[in-house]
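Asks: One structure, pasted below without further comment.
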Amino acid sequence: MAEVIEMTNFIHDIIDKDLENEKYGDKVLTRFPPEPNGYLHIGHAKSICLNFMTAEKYHGGCNLRYDDTNPVKEDMEYVDSIEEDVRWLGFQWKERLWASDYFDEMYDCAVTLIKKGLAYVCDFSAEEIRANRGTLTEPGKESPYRNRSVEENMKLFEEMRDGKYEDGEKVLRAKIDMASPNINMRDPVIYRIAHASHHNTGDKWCIYPMYDFAHPIEDAIEGITHSICTLEFEDHRPLYDWVLQAVGKWPTPPQQIEFARLNITNTIMSKRYLKALVDDGVVEGWDDPRMPTIAGIRRRGYTPEAVRDFCERIGVAKANSTVDVALLESCVRDDLKTKVENRNVVENPIKVVITNYPEDQTEMMPIENNREVPEMGDRQVPFSNELWIDGDDFMEVPVKKYFRLFPGNEVRFKGAYFLTCTDVIKNEDGTIKELHCTYDPTTKSGTEGANRKVKGTIHWVDAKTAVKIRIRNYDYLMVEDENGEMDLNPDSLMESWGYAEPLLGEAKPGERFQFFRKGYYIADSVLNSAEDDGSETKVFNKIVGLKSSFKVKK
């Protein structure tokens, strides 16, 4: 059972009042109803958390119900991914259900509306329906088929069900009010013809209910008390209520409550757009670590606890707004800082040779795994006369306030000794081959000599035992241009390689680490990368960065 987090929001205020008035007795039943036509994204995570955590708060239940009323767009691959996402976030549904399980009852409800004179078969095409719907300031025009008799409508609807007509040739419309100020109430289509096999019902049906008709019926059949959905459905609520009242089978029907959907800076949350990125090969797939899908952020290394914390922090509002992506990253950082161990990794490596250190000697240096959590203990890291340092930690001609390694400067090699750069050895082309340094043997970490003050501290990796790794540093997939429009970021993935201390060579897929002074990284699920020389290296994805104390201005 997932941990229950107390949240105060207007939805819970409504539920509290309903419980006080015993509107549904002591029952609270919610649902999460995704359409299986794509992978869920971080915006869906907010809805998942809200629905499941609301059910937990009131000791109720939350159903996972697939809105599979459109057989053309749906795929079982998406069903499997949705269930993995919900479980990963720490939730378990009360029942797993399918909208298509209710097709018989939905058909009966449509027949009820026809017999009540509240639905009719219309021969208009989709274009003609749109053309006659009217505008926000002008009423719509009634269809010439609106006043067909009940008997004719029943005959035509049965013929639609029996496959007599082609796709788009006829539709069933609710008979409400073509002059309604709410365009959704202007005789909306509630059934359409679609000659397509359905993953659940096969070829039994060639007519399928529209979402606005199906959804309230599904909720009512399941006994949902509070149908929580995003704000774009607010204008659809009158139709939701009309369907349930017009059918008339449920004395205490569910109520729809809307909340603001999640918008995040530098993030596109449109399944259609994300699918296009996948189909066009812009990204590796739905689980590309740059994608805002739950599968993507899981592979990226975000934790479910961090996502739930983020959803709690942003709260539940009635008005749409945009949340800074930095808040999500902060939640991830806060969660990981007490959970993962440090490892030394260097990129753009420069070799350091300690000229006064014995060539045949290797020491094992105890280095703390996590400064914030002493209980994680120390690890033993090899140290010899040949080391690798990060390319950013040396400047031959240092800029102002640069306290790392440069000729003549002494720095602390974290967990080891103080070293002074004495010489820069170069290749024939002028590039750096290696640095020669001397060490002060009295400054070993943990001894009195290590208390001497130096301004710079850098990390290192023993060159004789280091493992080569491939590093994927991610930036935002989308960035805003000067006009506020979202564009693909050409630098969203920057791959490099580096050297790591030996323990990192034993990392298993999904293990997370803090690369000292760099950020948090995860061993990728595709663990090995083929190199040009035929060798393989482990792959690590950047989860989120750390704040650096210094950056070289370019």
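In the structure tokens, chains take letters A, B, ... by order of appearance, with residues numbered from 1 within each chain and ligands from 1 in the order shown.
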I want to know what sits within 8 Å of region 339-347 of chain A, based on only C-alpha atoms, with residues of the same chain fewer than 6 positions away left out; could you give that as a count of residues only?
Replies: 23
Asks: Would you give me, as a ChimeraX atom specification, the residues in region 191-303 of chain A that DSSP reads as alpha helix (DSSP H)?
Replies: /A:211-222,237-247,271-279,294-300
Asks: Could the residues in this selection be saved with N, CA and C atoms as a short mmCIF file (atom, residue, chain, number, x, y, z; two decimals), in the first residue's frame?
Replies:
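The file below, out-v4.cif, is the result:
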data_model
loop_
_atom_site.label_atom_id
_atom_site.label_comp_id
_atom_site.auth_asym_id
_atom_site.auth_seq_id
_atom_site.Cartn_x
_atom_site.Cartn_y
_atom_site.Cartn_z
N TYR A 211 -17.18 9.65 -26.49
CA TYR A 211 -16.67 9.76 -25.12
C TYR A 211 -17.66 10.45 -24.20
N ASP A 212 -18.23 11.57 -24.64
CA ASP A 212 -19.12 12.35 -23.76
C ASP A 212 -20.39 11.59 -23.39
N PHE A 213 -20.76 10.62 -24.20
CA PHE A 213 -21.91 9.78 -23.87
C PHE A 213 -21.48 8.60 -23.02
N ALA A 214 -20.36 8.01 -23.38
CA ALA A 214 -19.92 6.80 -22.70
C ALA A 214 -19.44 7.06 -21.28
N HIS A 215 -18.71 8.15 -21.09
CA HIS A 215 -18.02 8.35 -19.82
C HIS A 215 -18.97 8.44 -18.62
N PRO A 216 -20.02 9.25 -18.67
CA PRO A 216 -20.92 9.29 -17.51
C PRO A 216 -21.61 7.95 -17.24
N ILE A 217 -21.90 7.21 -18.31
CA ILE A 217 -22.55 5.91 -18.12
C ILE A 217 -21.60 4.93 -17.45
N GLU A 218 -20.33 4.94 -17.90
CA GLU A 218 -19.33 4.08 -17.28
C GLU A 218 -19.21 4.40 -15.78
N ASP A 219 -19.12 5.68 -15.46
CA ASP A 219 -19.01 6.08 -14.05
C ASP A 219 -20.21 5.59 -13.24
N ALA A 220 -21.39 5.76 -13.82
CA ALA A 220 -22.60 5.39 -13.09
C ALA A 220 -22.70 3.88 -12.90
N ILE A 221 -22.38 3.11 -13.92
CA ILE A 221 -22.42 1.64 -13.81
C ILE A 221 -21.48 1.16 -12.71
N GLU A 222 -20.30 1.75 -12.62
CA GLU A 222 -19.31 1.32 -11.63
C GLU A 222 -19.60 1.86 -10.23
N ARG A 237 -19.43 19.24 -18.60
CA ARG A 237 -20.15 18.74 -17.43
C ARG A 237 -21.67 18.80 -17.58
N PRO A 238 -22.24 19.88 -18.18
CA PRO A 238 -23.70 19.87 -18.38
C PRO A 238 -24.18 18.67 -19.21
N LEU A 239 -23.37 18.26 -20.19
CA LEU A 239 -23.74 17.09 -21.00
C LEU A 239 -23.59 15.82 -20.18
N TYR A 240 -22.55 15.73 -19.37
CA TYR A 240 -22.36 14.60 -18.45
C TYR A 240 -23.60 14.43 -17.58
N ASP A 241 -24.04 15.53 -16.98
CA ASP A 241 -25.21 15.47 -16.10
C ASP A 241 -26.49 15.16 -16.90
N TRP A 242 -26.60 15.75 -18.10
CA TRP A 242 -27.80 15.53 -18.93
C TRP A 242 -27.95 14.06 -19.28
N VAL A 243 -26.87 13.41 -19.69
CA VAL A 243 -26.94 12.00 -20.08
C VAL A 243 -27.47 11.16 -18.94
N LEU A 244 -26.91 11.36 -17.74
CA LEU A 244 -27.33 10.55 -16.59
C LEU A 244 -28.78 10.82 -16.21
N GLN A 245 -29.18 12.09 -16.27
CA GLN A 245 -30.57 12.43 -15.93
C GLN A 245 -31.53 11.92 -17.00
N ALA A 246 -31.15 12.06 -18.26
CA ALA A 246 -32.04 11.66 -19.35
C ALA A 246 -32.23 10.15 -19.39
N VAL A 247 -31.16 9.40 -19.18
CA VAL A 247 -31.30 7.94 -19.14
C VAL A 247 -32.14 7.54 -17.93
N LYS A 271 -0.09 13.87 -26.29
CA LYS A 271 0.20 12.52 -26.76
C LYS A 271 0.39 12.48 -28.27
N ARG A 272 -0.37 13.30 -28.97
CA ARG A 272 -0.25 13.32 -30.43
C ARG A 272 1.13 13.81 -30.85
N TYR A 273 1.62 14.87 -30.21
CA TYR A 273 2.93 15.41 -30.56
C TYR A 273 4.04 14.44 -30.15
N LEU A 274 3.89 13.86 -28.96
CA LEU A 274 4.91 12.91 -28.49
C LEU A 274 4.96 11.68 -29.39
N LYS A 275 3.80 11.23 -29.85
CA LYS A 275 3.76 10.08 -30.76
C LYS A 275 4.48 10.42 -32.07
N ALA A 276 4.32 11.66 -32.53
CA ALA A 276 4.98 12.07 -33.76
C ALA A 276 6.50 12.06 -33.58
N LEU A 277 6.98 12.45 -32.39
CA LEU A 277 8.42 12.41 -32.13
C LEU A 277 8.94 10.97 -32.20
N VAL A 278 8.14 10.05 -31.70
CA VAL A 278 8.53 8.63 -31.73
C VAL A 278 8.48 8.11 -33.17
N ASP A 279 7.36 8.37 -33.85
CA ASP A 279 7.17 7.85 -35.20
C ASP A 279 8.21 8.40 -36.18
N ILE A 294 5.98 8.99 -18.46
CA ILE A 294 6.37 8.35 -17.20
C ILE A 294 7.43 7.30 -17.47
N ALA A 295 7.31 6.60 -18.61
CA ALA A 295 8.34 5.62 -18.98
C ALA A 295 9.68 6.30 -19.19
N GLY A 296 9.66 7.50 -19.78
CA GLY A 296 10.89 8.23 -20.03
C GLY A 296 11.55 8.73 -18.76
N ILE A 297 10.77 9.30 -17.86
CA ILE A 297 11.37 9.82 -16.63
C ILE A 297 11.79 8.68 -15.70
N ARG A 298 11.13 7.51 -15.85
CA ARG A 298 11.57 6.34 -15.08
C ARG A 298 12.95 5.89 -15.58
N ARG A 299 13.11 5.80 -16.89
CA ARG A 299 14.41 5.42 -17.44
C ARG A 299 15.45 6.51 -17.17
N ARG A 300 15.00 7.74 -17.12
CA ARG A 300 15.91 8.86 -16.82
C ARG A 300 16.47 8.75 -15.40
#
Asks: Which residue gives the smallest distance to Tyr191 (chain A) among A:Glu128, A:Glu495, A:Asp167, A:Glu485, with only C-alpha atoms counted?
Replies: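 Residue with the minimum atom-to-atom distance to Tyr191 (chain A): A:Asp167.
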Asks: Using only C-alpha atoms, which protein or nucleic acid residues come within 6 Å of region 142-157 of chain A? Drop anything in the same chain fewer than 5 positions from it, and give the result as a list of chain:residue names.
Replies: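 So the residues in contact are A:Lys115, A:Tyr120, A:Val121, A:Cys122.
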Asks: How would the residues just picked look written out with all heavy atoms as a PDB file, in the first residue's frame?
Replies:
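Output contents, as saved in part_31.pdb:
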ATOM      1  N   LYS A 115     -36.356   6.202 -27.475  1.00  0.00           N
ATOM      2  CA  LYS A 115     -37.759   5.950 -27.121  1.00  0.00           C
ATOM      3  C   LYS A 115     -38.360   7.110 -26.344  1.00  0.00           C
ATOM      4  O   LYS A 115     -39.584   7.325 -26.388  1.00  0.00           O
ATOM      5  CB  LYS A 115     -37.857   4.661 -26.313  1.00  0.00           C
ATOM      6  CG  LYS A 115     -37.580   3.411 -27.148  1.00  0.00           C
ATOM      7  CD  LYS A 115     -37.705   2.141 -26.332  1.00  0.00           C
ATOM      8  CE  LYS A 115     -37.513   0.899 -27.200  1.00  0.00           C
ATOM      9  NZ  LYS A 115     -37.595  -0.358 -26.409  1.00  0.00           N
ATOM     10  N   TYR A 120     -31.871  11.109 -31.948  1.00  0.00           N
ATOM     11  CA  TYR A 120     -32.341  10.866 -33.321  1.00  0.00           C
ATOM     12  C   TYR A 120     -31.153  10.539 -34.225  1.00  0.00           C
ATOM     13  O   TYR A 120     -30.012  10.939 -33.962  1.00  0.00           O
ATOM     14  CB  TYR A 120     -33.093  12.083 -33.866  1.00  0.00           C
ATOM     15  CG  TYR A 120     -32.262  13.347 -33.975  1.00  0.00           C
ATOM     16  CD1 TYR A 120     -31.648  13.708 -35.180  1.00  0.00           C
ATOM     17  CD2 TYR A 120     -32.095  14.187 -32.878  1.00  0.00           C
ATOM     18  CE1 TYR A 120     -30.896  14.866 -35.288  1.00  0.00           C
ATOM     19  CE2 TYR A 120     -31.348  15.345 -32.971  1.00  0.00           C
ATOM     20  CZ  TYR A 120     -30.747  15.687 -34.181  1.00  0.00           C
ATOM     21  OH  TYR A 120     -30.000  16.833 -34.287  1.00  0.00           O
ATOM     22  N   VAL A 121     -31.454   9.789 -35.279  1.00  0.00           N
ATOM     23  CA  VAL A 121     -30.444   9.464 -36.280  1.00  0.00           C
ATOM     24  C   VAL A 121     -30.377  10.606 -37.278  1.00  0.00           C
ATOM     25  O   VAL A 121     -31.397  11.051 -37.806  1.00  0.00           O
ATOM     26  CB  VAL A 121     -30.775   8.139 -36.995  1.00  0.00           C
ATOM     27  CG1 VAL A 121     -29.788   7.887 -38.138  1.00  0.00           C
ATOM     28  CG2 VAL A 121     -30.752   6.982 -36.002  1.00  0.00           C
ATOM     29  N   CYS A 122     -29.146  11.071 -37.525  1.00  0.00           N
ATOM     30  CA  CYS A 122     -28.931  12.211 -38.415  1.00  0.00           C
ATOM     31  C   CYS A 122     -28.050  11.779 -39.584  1.00  0.00           C
ATOM     32  O   CYS A 122     -27.064  11.055 -39.400  1.00  0.00           O
ATOM     33  CB  CYS A 122     -28.275  13.360 -37.648  1.00  0.00           C
ATOM     34  SG  CYS A 122     -27.988  14.844 -38.641  1.00  0.00           S
TER      35      CYS A 122
END
Asks: May I ask for the distance between CA of Phe91 (chain A) and CA of His41 (chain A), given in Å to one decimal place?
Replies: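 One can read the CA of Phe91 (chain A) to CA of His41 (chain A) distance as 16.2 Å.
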Asks: How many Å lie between CA of Leu477 (chain A) and CA of Thr267 (chain A), rounded to one decimal?
Replies: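 Taking CA of Leu477 (chain A) as the start and CA of Thr267 (chain A) as the end point, the length is 7.5 Å.
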Asks: For CA of Ser525 (chain A) and CA of Val539 (chain A), determine how far apart the two atoms are, in Å to one decimal place.
Replies: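 The value is 8.6 Å.
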Asks: Extract, using only C-alpha atoms, all DNA, RNA and protein residues at most 10 Å from Ser180 (chain A), discarding same-chain residues fewer than 2 positions from it, and format them as an MDAnalysis selection string.
Replies: chainID A and resid 134 136 138:140 176:178 182:187
Asks: Quick one: residues within 9 Å of Asn70 (chain A), only C-alpha atoms, excluding same-chain residues fewer than 3 positions away - as a ChimeraX atom specification?
Replies: /A:35,67,73-74,194,198,208-211
Asks: Do you know which residues are at most 9 Å from Arg31 (chain A) counting only C-alpha atoms, after dropping those on the same chain fewer than 6 positions away, and could you put them as a ChimeraX atom specification?
Replies: /A:48,51-52,55,61-65,93,219,224,226-228
Asks: Compare A:Ile190, A:Leu328, A:Ile114, A:Ile469 by their minimum atom-to-atom distance to Pro304 (chain A), counting only C-alpha atoms, and give me the closest one.
Replies: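 Closest to Pro304 (chain A) of all the choices is A:Leu328.
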Asks: Here is a test: counting only C-alpha atoms, which residue of A:Val111, A:Val28, A:Ile129, A:Met486 is nearest to His59 (chain A)?
Replies: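 Of all the options, A:Val28 lies closest to His59 (chain A).
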Asks: So that I can check the surroundings of Val72 (chain A), please list as number ranges by chain every protein, DNA and RNA residue that reaches within 10 Å of it, counting only C-alpha atoms and ignoring chain neighbours fewer than 5 positions away.
Replies: A: 37, 194-199
Asks: Let me see the file: selected residues, all heavy atoms, as a short mmCIF file (atom, residue, chain, number, x, y, z; two decimals), in the first residue's frame.
Replies:
data_model
loop_
_atom_site.label_atom_id
_atom_site.label_comp_id
_atom_site.auth_asym_id
_atom_site.auth_seq_id
_atom_site.Cartn_x
_atom_site.Cartn_y
_atom_site.Cartn_z
N ASN A 37 -4.06 4.92 -26.13
CA ASN A 37 -3.61 5.33 -27.48
C ASN A 37 -2.24 5.98 -27.44
O ASN A 37 -1.83 6.66 -28.38
CB ASN A 37 -4.63 6.28 -28.12
CG ASN A 37 -4.76 7.59 -27.36
OD1 ASN A 37 -4.25 7.73 -26.24
ND2 ASN A 37 -5.43 8.55 -27.95
N ALA A 194 -18.18 2.91 -37.16
CA ALA A 194 -16.75 2.64 -37.40
C ALA A 194 -16.59 1.15 -37.66
O ALA A 194 -16.66 0.34 -36.73
CB ALA A 194 -15.91 3.08 -36.21
N HIS A 195 -16.40 0.80 -38.91
CA HIS A 195 -16.22 -0.61 -39.27
C HIS A 195 -14.76 -0.99 -38.98
O HIS A 195 -13.91 -0.97 -39.87
CB HIS A 195 -16.58 -0.85 -40.73
CG HIS A 195 -18.04 -0.74 -41.02
ND1 HIS A 195 -18.91 -1.80 -40.86
CD2 HIS A 195 -18.80 0.32 -41.42
CE1 HIS A 195 -20.14 -1.42 -41.17
NE2 HIS A 195 -20.11 -0.13 -41.51
N ALA A 196 -14.48 -1.30 -37.74
CA ALA A 196 -13.12 -1.64 -37.31
C ALA A 196 -13.20 -2.66 -36.19
O ALA A 196 -14.06 -2.58 -35.31
CB ALA A 196 -12.38 -0.39 -36.83
N SER A 197 -12.29 -3.62 -36.23
CA SER A 197 -12.24 -4.62 -35.17
C SER A 197 -11.75 -3.99 -33.88
O SER A 197 -10.87 -3.12 -33.89
CB SER A 197 -11.32 -5.78 -35.56
OG SER A 197 -11.88 -6.51 -36.63
N HIS A 198 -12.32 -4.44 -32.79
CA HIS A 198 -11.97 -3.92 -31.47
C HIS A 198 -11.18 -4.97 -30.71
O HIS A 198 -11.47 -6.17 -30.80
CB HIS A 198 -13.26 -3.58 -30.72
CG HIS A 198 -13.04 -2.80 -29.45
ND1 HIS A 198 -12.64 -3.40 -28.28
CD2 HIS A 198 -13.19 -1.48 -29.18
CE1 HIS A 198 -12.54 -2.47 -27.33
NE2 HIS A 198 -12.87 -1.30 -27.86
N HIS A 199 -10.15 -4.53 -29.97
CA HIS A 199 -9.27 -5.49 -29.28
C HIS A 199 -10.01 -6.33 -28.26
O HIS A 199 -9.59 -7.44 -27.93
CB HIS A 199 -8.13 -4.72 -28.58
CG HIS A 199 -8.58 -3.95 -27.38
ND1 HIS A 199 -8.59 -4.49 -26.12
CD2 HIS A 199 -9.05 -2.68 -27.26
CE1 HIS A 199 -9.04 -3.58 -25.26
NE2 HIS A 199 -9.32 -2.48 -25.93
#
Asks: List every residue of region 267-405 of chain A that DSSP, applied to the backbone of this structure, assigns to strand (DSSP E or B), and report them as JSON, numbers by chain.
Replies: {"A": [293, 321, 322, 323, 341, 342, 343, 345, 346, 347, 350, 351, 352, 353, 354, 363, 364, 365, 366, 367, 368, 378, 379, 380, 381, 382, 383, 386, 387, 388, 389, 394, 405]}
Asks: Which residue is closest to Val353 (chain A)? Choose from A:Ala319, A:Cys206, A:Leu419, A:Leu19 and count only C-alpha atoms.
Replies: A:Leu419
Asks: Of the candidates A:Leu546, A:Met395, A:Cys109, A:Met269, which shows the shortest atom-to-atom distance to Trp250 (chain A), using only C-alpha atoms?
Replies: A:Cys109
Asks: From the options A:Ala174, A:Ile207, A:Ile314, A:Leu40, which residue's atoms come nearest to Phe103 (chain A), counting only C-alpha atoms?
Replies: A:Ile207
